[in-house]
$ cat protein.txt   # compact mmCIF, C-alpha atoms
# COMPACT_ATOMS: atom_id res chain seq x y z
CA GLY A 1 140.36 71.52 111.36
CA ILE A 2 136.63 71.04 111.08
CA ARG A 3 137.01 70.68 107.29
CA ASP A 4 139.41 67.73 107.67
CA PHE A 5 137.27 66.12 110.34
CA CYS A 6 134.16 66.36 108.16
CA LEU A 7 136.00 65.07 105.10
CA SER A 8 137.24 62.07 107.10
CA ARG A 9 133.63 61.26 107.99
CA GLY A 10 132.60 61.21 104.33
CA LEU A 11 130.76 64.50 104.66
CA GLY A 12 132.99 66.55 102.35
CA ASP A 13 130.27 67.36 99.81
CA VAL A 14 128.20 68.97 102.55
CA TYR A 15 131.13 70.90 103.99
CA LYS A 16 132.27 72.21 100.59
CA ARG A 17 129.08 74.23 100.30
CA GLN A 18 130.39 76.48 103.10
CA ASP A 19 126.82 76.88 104.26
CA PRO A 20 126.68 78.90 107.50
CA ILE A 21 123.70 76.82 108.63
CA ILE A 22 125.82 73.69 108.51
CA HIS A 23 128.51 75.33 110.61
CA GLU A 24 125.84 76.36 113.11
CA GLU A 25 124.60 72.77 113.27
CA CYS A 26 128.15 71.56 113.98
CA MET A 27 128.46 74.06 116.81
CA LYS A 28 125.39 72.57 118.51
CA PHE A 29 127.53 69.55 119.35
CA MET A 30 130.58 71.50 120.50
CA SER A 31 131.17 72.97 123.93
CA CYS A 32 133.58 75.65 125.11
CA GLN A 33 136.09 75.56 127.93
CA LYS A 34 138.92 77.66 129.31
CA LEU A 35 142.28 76.59 130.68
CA LEU A 36 145.14 78.53 132.27
CA ALA A 37 148.76 78.84 131.21
CA GLY A 38 150.56 75.59 132.05
CA ASP A 39 147.40 73.48 132.05
CA GLN A 40 147.49 70.26 130.04
CA VAL A 41 144.69 69.58 127.55
CA PHE A 42 145.75 65.93 127.14
CA LYS A 43 148.94 63.88 127.18
CA ALA A 44 150.55 61.45 124.79
CA GLY A 45 149.12 57.97 125.28
CA ASP A 46 145.67 59.15 126.40
CA ASN A 47 142.65 57.79 124.56
CA GLY A 48 141.43 60.21 121.93
CA THR A 49 138.00 61.41 122.98
CA ALA A 50 137.66 64.86 121.40
CA PHE A 51 138.61 67.22 118.59
CA TYR A 52 139.59 70.78 119.60
CA VAL A 53 139.51 74.23 117.99
CA ILE A 54 141.41 77.06 119.68
CA LEU A 55 139.28 80.19 120.03
CA LYS A 56 141.79 82.32 121.95
CA GLY A 57 145.33 81.74 123.15
CA THR A 58 148.23 79.48 122.26
CA VAL A 59 149.09 75.85 122.97
CA GLY A 60 152.30 73.90 122.54
CA VAL A 61 152.45 70.47 120.94
CA TYR A 62 155.00 68.24 122.70
CA ILE A 63 156.32 64.79 121.89
CA ASN A 64 158.23 62.45 124.15
CA ILE A 65 161.92 62.09 123.47
CA ALA A 66 162.35 58.34 123.81
CA ASP A 67 164.71 56.89 126.30
CA ASN A 68 165.83 53.40 125.44
CA SER A 69 165.28 51.68 128.77
CA LYS A 70 163.90 48.14 128.64
CA GLU A 71 160.86 49.15 130.65
CA ASN A 72 159.82 51.84 128.16
CA THR A 73 160.64 49.69 125.14
CA LYS A 74 158.29 46.95 126.40
CA SER A 75 155.39 49.32 126.99
CA GLY A 76 155.90 51.22 123.74
CA LEU A 77 155.78 54.47 125.70
CA SER A 78 158.53 56.83 126.64
CA SER A 79 159.06 58.55 129.95
CA GLY A 80 161.74 60.78 128.44
CA GLU A 81 161.56 64.54 128.41
CA LEU A 82 159.07 66.45 126.28
CA ARG A 83 160.13 68.47 123.24
CA GLU A 84 157.95 71.21 121.77
CA VAL A 85 157.49 70.54 118.06
CA ARG A 86 154.79 73.05 117.17
CA VAL A 87 152.80 76.00 118.47
CA LEU A 88 149.09 76.33 117.64
CA ASN A 89 147.18 79.61 117.80
CA ALA A 90 143.59 80.81 117.70
CA GLY A 91 141.76 79.37 114.70
CA GLU A 92 143.87 76.21 114.56
CA SER A 93 142.73 72.76 115.64
CA PHE A 94 144.12 69.53 117.02
CA GLY A 95 143.04 66.10 118.19
CA GLU A 96 141.26 64.90 115.07
CA LEU A 97 143.79 62.15 114.33
CA ALA A 98 142.95 60.19 117.46
CA LEU A 99 139.25 60.26 116.57
CA ILE A 100 139.86 59.17 113.00
CA SER A 101 142.42 56.45 113.74
CA ASN A 102 141.13 55.32 117.13
CA LYS A 103 144.74 55.27 118.38
CA PRO A 104 146.12 56.85 121.56
CA ARG A 105 147.19 60.49 121.48
CA ALA A 106 150.58 60.92 119.81
CA ALA A 107 151.45 64.20 121.54
CA THR A 108 150.93 66.18 124.71
CA ILE A 109 149.12 69.53 124.40
CA CYS A 110 149.88 72.23 127.00
CA CYS A 111 148.58 75.78 127.25
CA LYS A 112 151.29 78.40 126.79
CA GLU A 113 148.87 81.09 128.01
CA ALA A 114 145.22 81.23 129.01
CA VAL A 115 143.27 79.38 126.31
CA SER A 116 139.63 79.27 125.28
CA TYR A 117 138.69 76.39 123.04
CA THR A 118 135.74 74.45 121.76
CA HIS A 119 135.69 70.70 121.46
CA LEU A 120 133.63 67.95 119.91
CA ARG A 121 133.51 64.67 121.81
CA ALA A 122 133.81 61.38 119.91
CA HIS A 123 130.45 60.06 121.16
CA GLU A 124 128.77 63.14 119.63
CA THR A 125 129.96 62.40 116.10
CA GLY A 126 127.24 59.94 115.20
CA ARG A 127 124.27 60.34 112.85
CA ASN A 128 123.12 63.64 114.33
CA LEU A 129 126.29 65.42 113.26
CA VAL A 130 125.53 67.11 109.97
CA CYS A 131 128.74 69.10 109.38

$ encode --input "protein.txt" --output "structure tokens"
Amino acid sequence: GIRDFCLSRGLGDVYKRQDPIIHEECMKFMSCQKLLAGDQVFKAGDNGTAFYVILKGTVGVYINIADNSKENTKSGLSSGELREVRVLNAGESFGELALISNKPRAATICCKEAVSYTHLRAHETGRNLVC
């Protein structure tokens, strides 16, 4: 979650204080959105541009089941079917790995019901971020 994201940015000593003011400062850079059941937050292979925290609702985490066709092997991507590997609920987060590693998304995230979430965009994680 936010803790892991902050620790990855070398800001762990600040986060460990659990100071409500710091959490408020972090929230200044986050924005809220809503999606409906069946909506896709992002798909595997997309560029990682944001970190997400679920405020209300449930999302499924899906990975591609690889098919071994030559076309997919060359691209490194699979067009096989999706398999749900995890369910995330309110209070849980996702998407931080792509921001930390600067690699494409490893999974597809789909809303299992109406979802409210907050997100922090990668370009907003510069010097001004104090969390």

$ atom_distance --input "protein.txt" --atom1 "CA of Phe29 in chain A" --atom2 "CA of Leu120 in chain A"
6.3 Å

$ atom_distance --input "protein.txt" --atom1 "CA of Asn47 in chain A" --atom2 "CA of Phe94 in chain A"
14.0 Å

$ residues_near_point --input "protein.txt" --point "(148.5, 82.0, 120.1)" --cutoff "12 Å" --atoms "only C-alpha atoms" --output "ChimeraX atom specification"
/A:37,54-60,86-93,111-117

$ closest_residue --input "protein.txt" --among "A:Ala66, A:Ala50, A:Val41, A:Arg83" --to "Ile100 in chain A" --atoms "only C-alpha atoms"
A:Ala50

$ atom_distance --input "protein.txt" --atom1 "CA of Met30 in chain A" --atom2 "CA of Tyr62 in chain A"
24.7 Å

$ closest_residue --input "protein.txt" --among "A:Val61, A:Ala44, A:Leu35, A:Ala106" --to "Val85 in chain A" --atoms "only C-alpha atoms"
A:Val61
